[in-house]
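Asker: Can you keep this structure in mind? I'll have questions shortly.
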Amino acid sequence: MWCVLIDSAVPASAPAQSERHTNPWLVLVLVCMAQFMVVLDSTIVNVALPSIQHDLRFTADNLQWVVNSYTLVLGGFLLLGGRAGDLFGRKRLFLAGVVLFTFASLMNAIGTTAGMLIVFRGVQGFGAAFISPAALSIVTTTFTDGRQRAKALAVWAAIAVGGASIGLIVGGALTQYLSWRWNFFVNIPVGIIVVALAWRLLPAMRPDRKHAVRGFDIAGAFTATAGLMTLVYGIVGANQYGWTAPRTMGLLAGGLLLLVVFVLIEQRVAHPLVRLSIFKTRALRAADITMLIVAGGMFSVFFFASLYVQEVLGFSPLRAGLGFLPLMAAIIFSANLAQRLIGPLGIKMTGLVGMLIAALGLGLLSTISANGSYLTQVLPGLVVMGLGLGLTFMPLTMLATYGSTTADAGLASGLLNSSQQVGGSLGLAILSTIAAHATLSKLTGLGHAPTTLDQATAAVAGYRLAFLASAGLMLLGAILLGVLISSRDARVDEIAIPATMGIDA
C-alpha cells in the first residue's frame, strides 16, 4: 500500500542483499502487504460485530471475543515469534505465519458457529504473532544504509498506525454492501500472492548459528507466552468484570508472577529466549517503555471516535469508516515527513514533537458534544492526531532497533510489537473503564429517567474524559522519552546498523 510512496530505485551504494540481488524495495513491498493484513484485522471486524452477532447467534457477553481472541493470542505469542525468527530463520517464520493467517481467514469466512469463529480468530492471531516480528526484522536487516532504512521504517510506521483506520473503512464497506464474511475472504488472495512471491524472492536469511535448535529455551518460551497471555486476558476482561474483581486481580497477579519467573529463568539458562543484556541498550529500553504508554492513547482514537460518530452522530458503518480517511492521509504524510526531519532534528526530538502534536489532537477531540458535528469537532482532532502519530511511530521503531545485531533483530522487533499490543490492550481497558464510569455517574445524577438526549450527553461525557486521558498518556510518553534517553543516543548518524543479513548456501 504505502510502499509506492518510497523511491523504487536501489541506490548504487546499497549492498547486495541476496545471491539473486533481490531489490530491497521489493522485499519491503512483500512484508508491507503481510503486515497490512495483520494491522487491518485488528479493526476490520469492529463495524461488522452486529451482523456477526445476528448471523452466528452470539450472546452479548461472547461477542467481544471476536476481537479479544485475536488480541489475546497475538499479544501472548509476539515475543516467542520474534525470537523464533532469529533462531529458525525469518523467511521460514514469515512464510509459516502468512500461510497460517490465510488459512484461518478462510475458516473464519466459512465459519458456521460462534465457537468456530472465536477459535480461528485466535489462530489468526497466532499466525500474526510470527508475521509481525519477522517482517520488521527483515526490514531492519535488509536496509543497512541509514537513510534508506529511515525511508523503509517510515513506510512501516504508516502501516502500523494507518492500517487500523483503513480496517474501519474496508470493514464498513464490505459489511454494508456484501457480507461480514468478506472481511475475512479479502485476506485470502493477498496471502496467496505474498506466499508465492516471498517464496521466490525473499532472501533465505540464516538463523542464528550460535544458538542451535537443541538449545531452544523451552521453559522461557512457556513462561513468557503464558505470562503475556494471562496478563492480556486479565486486561481485556477487566472492563466487563471490574478491575478489583477477584478474577481480574488473580489473572493480573498470575501473569506478573509468570513473567517474574521468566526473568529468573533467563538469568540462568545457557541459551535464553530473551538475552536480558539487550535492555542495557538505553534507546531500545526507552522506545519499548514509551510505546507501551503511547499505544494506549492511539488505540482509544479508533474505538471512542468510532462509537461517537455512529452512536451519537448517527453515521452508517461505511460513512464512519470513511470519516477516518483524513486520519490515514495525515499519518502517511507525517510518516514520510518524519524520515526527512530525523536528520536535522534527531530521532528523539522528532518523536517528542510527534507525541506533543498527537496530545493536542486528542485534546481537540475532547471538545465533542452531544449535538456536535463531524466537520467542526471530529475532523480537526483526527487530522492533528494523525500528524502526530506519523511523527511518533517511525522514530520509536528506529530507537527500538538501535544497536541490535542481525542475530537479535527479531527479538528487538518482538519486544516492540509486544509493547504496542500489551500497551494498547491495557490502555483501552483502562480508558473504557474510565469512560463507562463517567457515563454512569452522569446518568445516575439526573434524578429522572434519562431521555435520548440525556443518554447521548452521558455517553459523550465518557468519551471526552477518555480522550483527555489519552492526551495525558501521550504527554507521559513524551516525558519518558525525554528522560530515558539523551539526544546523543538518538542522532541518526550514530545509529548502529545491523550487519548485512546472511544468505543460506
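Chain labels A, B, ... are given in the sequence in which chains occur in the C-alpha cells; within each chain residues are numbered consecutively from 1, and ligands are likewise numbered from 1 in the order shown.
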Can I get the residues of region 394-455 of chain A within 12 Å of region 325-340 of chain A, each with the closest pair of atoms and their distance in Å to one decimal, using only C-alpha atoms, sorted chain first then ascending number, as a tab-separated table?
Answerer:
residue	atom	partner	partner_atom	distance
A:Met394	CA	A:Ala335	CA	6.6
A:Pro395	CA	A:Ala338	CA	7.6
A:Leu396	CA	A:Ala338	CA	11.1
A:Thr397	CA	A:Ala335	CA	11.6
A:Met398	CA	A:Gln339	CA	10.3
Asker: Write a file of the just-selected residues containing C-alpha atoms, as a PDB file, in the first residue's frame.
Answerer:
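Output file result31.pdb follows:
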ATOM      1  CA  MET A 394       8.767   5.890  12.952  1.00  0.00           C
ATOM      2  CA  PRO A 395      11.297   7.322  15.457  1.00  0.00           C
ATOM      3  CA  LEU A 396      10.192   4.827  18.123  1.00  0.00           C
ATOM      4  CA  THR A 397      10.652   1.974  15.652  1.00  0.00           C
ATOM      5  CA  MET A 398      14.168   3.161  14.834  1.00  0.00           C
TER       6      MET A 398
END
Asker: Can you check which residues of region 48-241 of chain A DSSP gives as alpha helix (DSSP H) on the backbone and send them as a ChimeraX atom specification?
Answerer: /A:49-56,60-63,65-88,90-109,114-142,146-177,182-185,187-201,218-241
Asker: Kindly indicate which residue among A:Gly363, A:Gly414, A:Gly242, A:Gly125 lies nearest to Gln377 (chain A), using only C-alpha atoms for the distances.
Answerer: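 For Gln377 (chain A), the nearest of the candidates is A:Gly363.
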Asker: Neighbouring residues of region 463-475 of chain A were defined as those with any atom within 6 Å, considering only C-alpha atoms; residues of the same chain fewer than 3 positions away were excluded. Please report them as a list of chain:residue names.
Answerer: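 My reading of the contact set: A:Val294, A:Gly297, A:Met355, A:Ala359, A:Leu362, A:Gly363, A:Ser366, A:Leu431, A:Ala435, A:Val460, A:Ala478.
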Asker: Of the candidates A:Leu136, A:Leu313, A:Ala305, A:Ala461, which shows the shortest atom-to-atom distance to Ile159 (chain A), using only C-alpha atoms?
Answerer: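 The shortest atom-to-atom distance to Ile159 (chain A) comes from A:Leu136.
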Asker: What's the 9 Å shell around region 258-266 of chain A, counting only C-alpha atoms, without same-chain residues fewer than 4 positions away, as an NGL selection string?
Answerer: :A and (217 or 219-228 or 230 or 253-254 or 270-276)
Asker: Neighbours of Leu197 (chain A) within 12 Å (only C-alpha atoms; same-chain residues fewer than 6 positions away dropped), as a PyMOL selection string?
Answerer: chain A and resi 22+26-27+29-31+33-34+91+95+98+190-191+203
Asker: Can you list, as a tab-separated table (two decimals) with N, CA and C atoms, in the first residue's frame, every protein, DNA or RNA residue that comes within 8 Å of Ala128 (chain A) when you count only C-alpha atoms, leaving out same-chain residues fewer than 5 positions away?
Answerer:
chain	number	residue	atom	x	y	z
A	38	VAL	N	-2.19	-7.94	8.92
A	38	VAL	CA	-2.19	-8.11	10.37
A	38	VAL	C	-2.85	-6.90	11.05
A	74	LEU	N	-2.33	-12.90	19.78
A	74	LEU	CA	-1.28	-12.09	19.16
A	74	LEU	C	-0.35	-11.51	20.23
A	97	GLY	N	3.86	-18.00	9.07
A	97	GLY	CA	2.86	-17.12	9.65
A	97	GLY	C	1.80	-16.69	8.65
A	98	VAL	N	2.23	-16.35	7.42
A	98	VAL	CA	1.29	-15.92	6.38
A	98	VAL	C	0.37	-17.07	5.98
A	101	PHE	N	-2.11	-17.60	8.83
A	101	PHE	CA	-3.06	-16.48	8.87
A	101	PHE	C	-4.08	-16.59	7.75
Asker: Let me make sure I understand: among A:Ile138, A:Leu318, A:Leu379, A:Ile368, which one has the smallest atom-to-atom distance to Arg92 (chain A) if we use only C-alpha atoms?
Answerer: A:Ile138
Asker: Could you tell me how far CA of Ser419 (chain A) lies from CA of Phe130 (chain A), in Å and to one decimal?
Answerer: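 Those two atoms sit 15.4 Å apart.
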Asker: If I take CA of Gly390 (chain A) and CA of Gly477 (chain A), how far is one from the other in Å, to one decimal?
Answerer: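 So the two atoms, CA of Gly390 (chain A) and CA of Gly477 (chain A), lie 14.9 Å apart.
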Asker: Using only C-alpha atoms, which of the listed residues (A:Leu453, A:Ala84, A:Ile357, A:Leu399) sits closest to Ile342 (chain A)?
Answerer: A:Leu399
Asker: When you draw a straight line from CA of Ser137 (chain A) to CA of Gly234 (chain A), how long is it in Å?
Answerer: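 Between CA of Ser137 (chain A) and CA of Gly234 (chain A) the gap is 29.4 Å.
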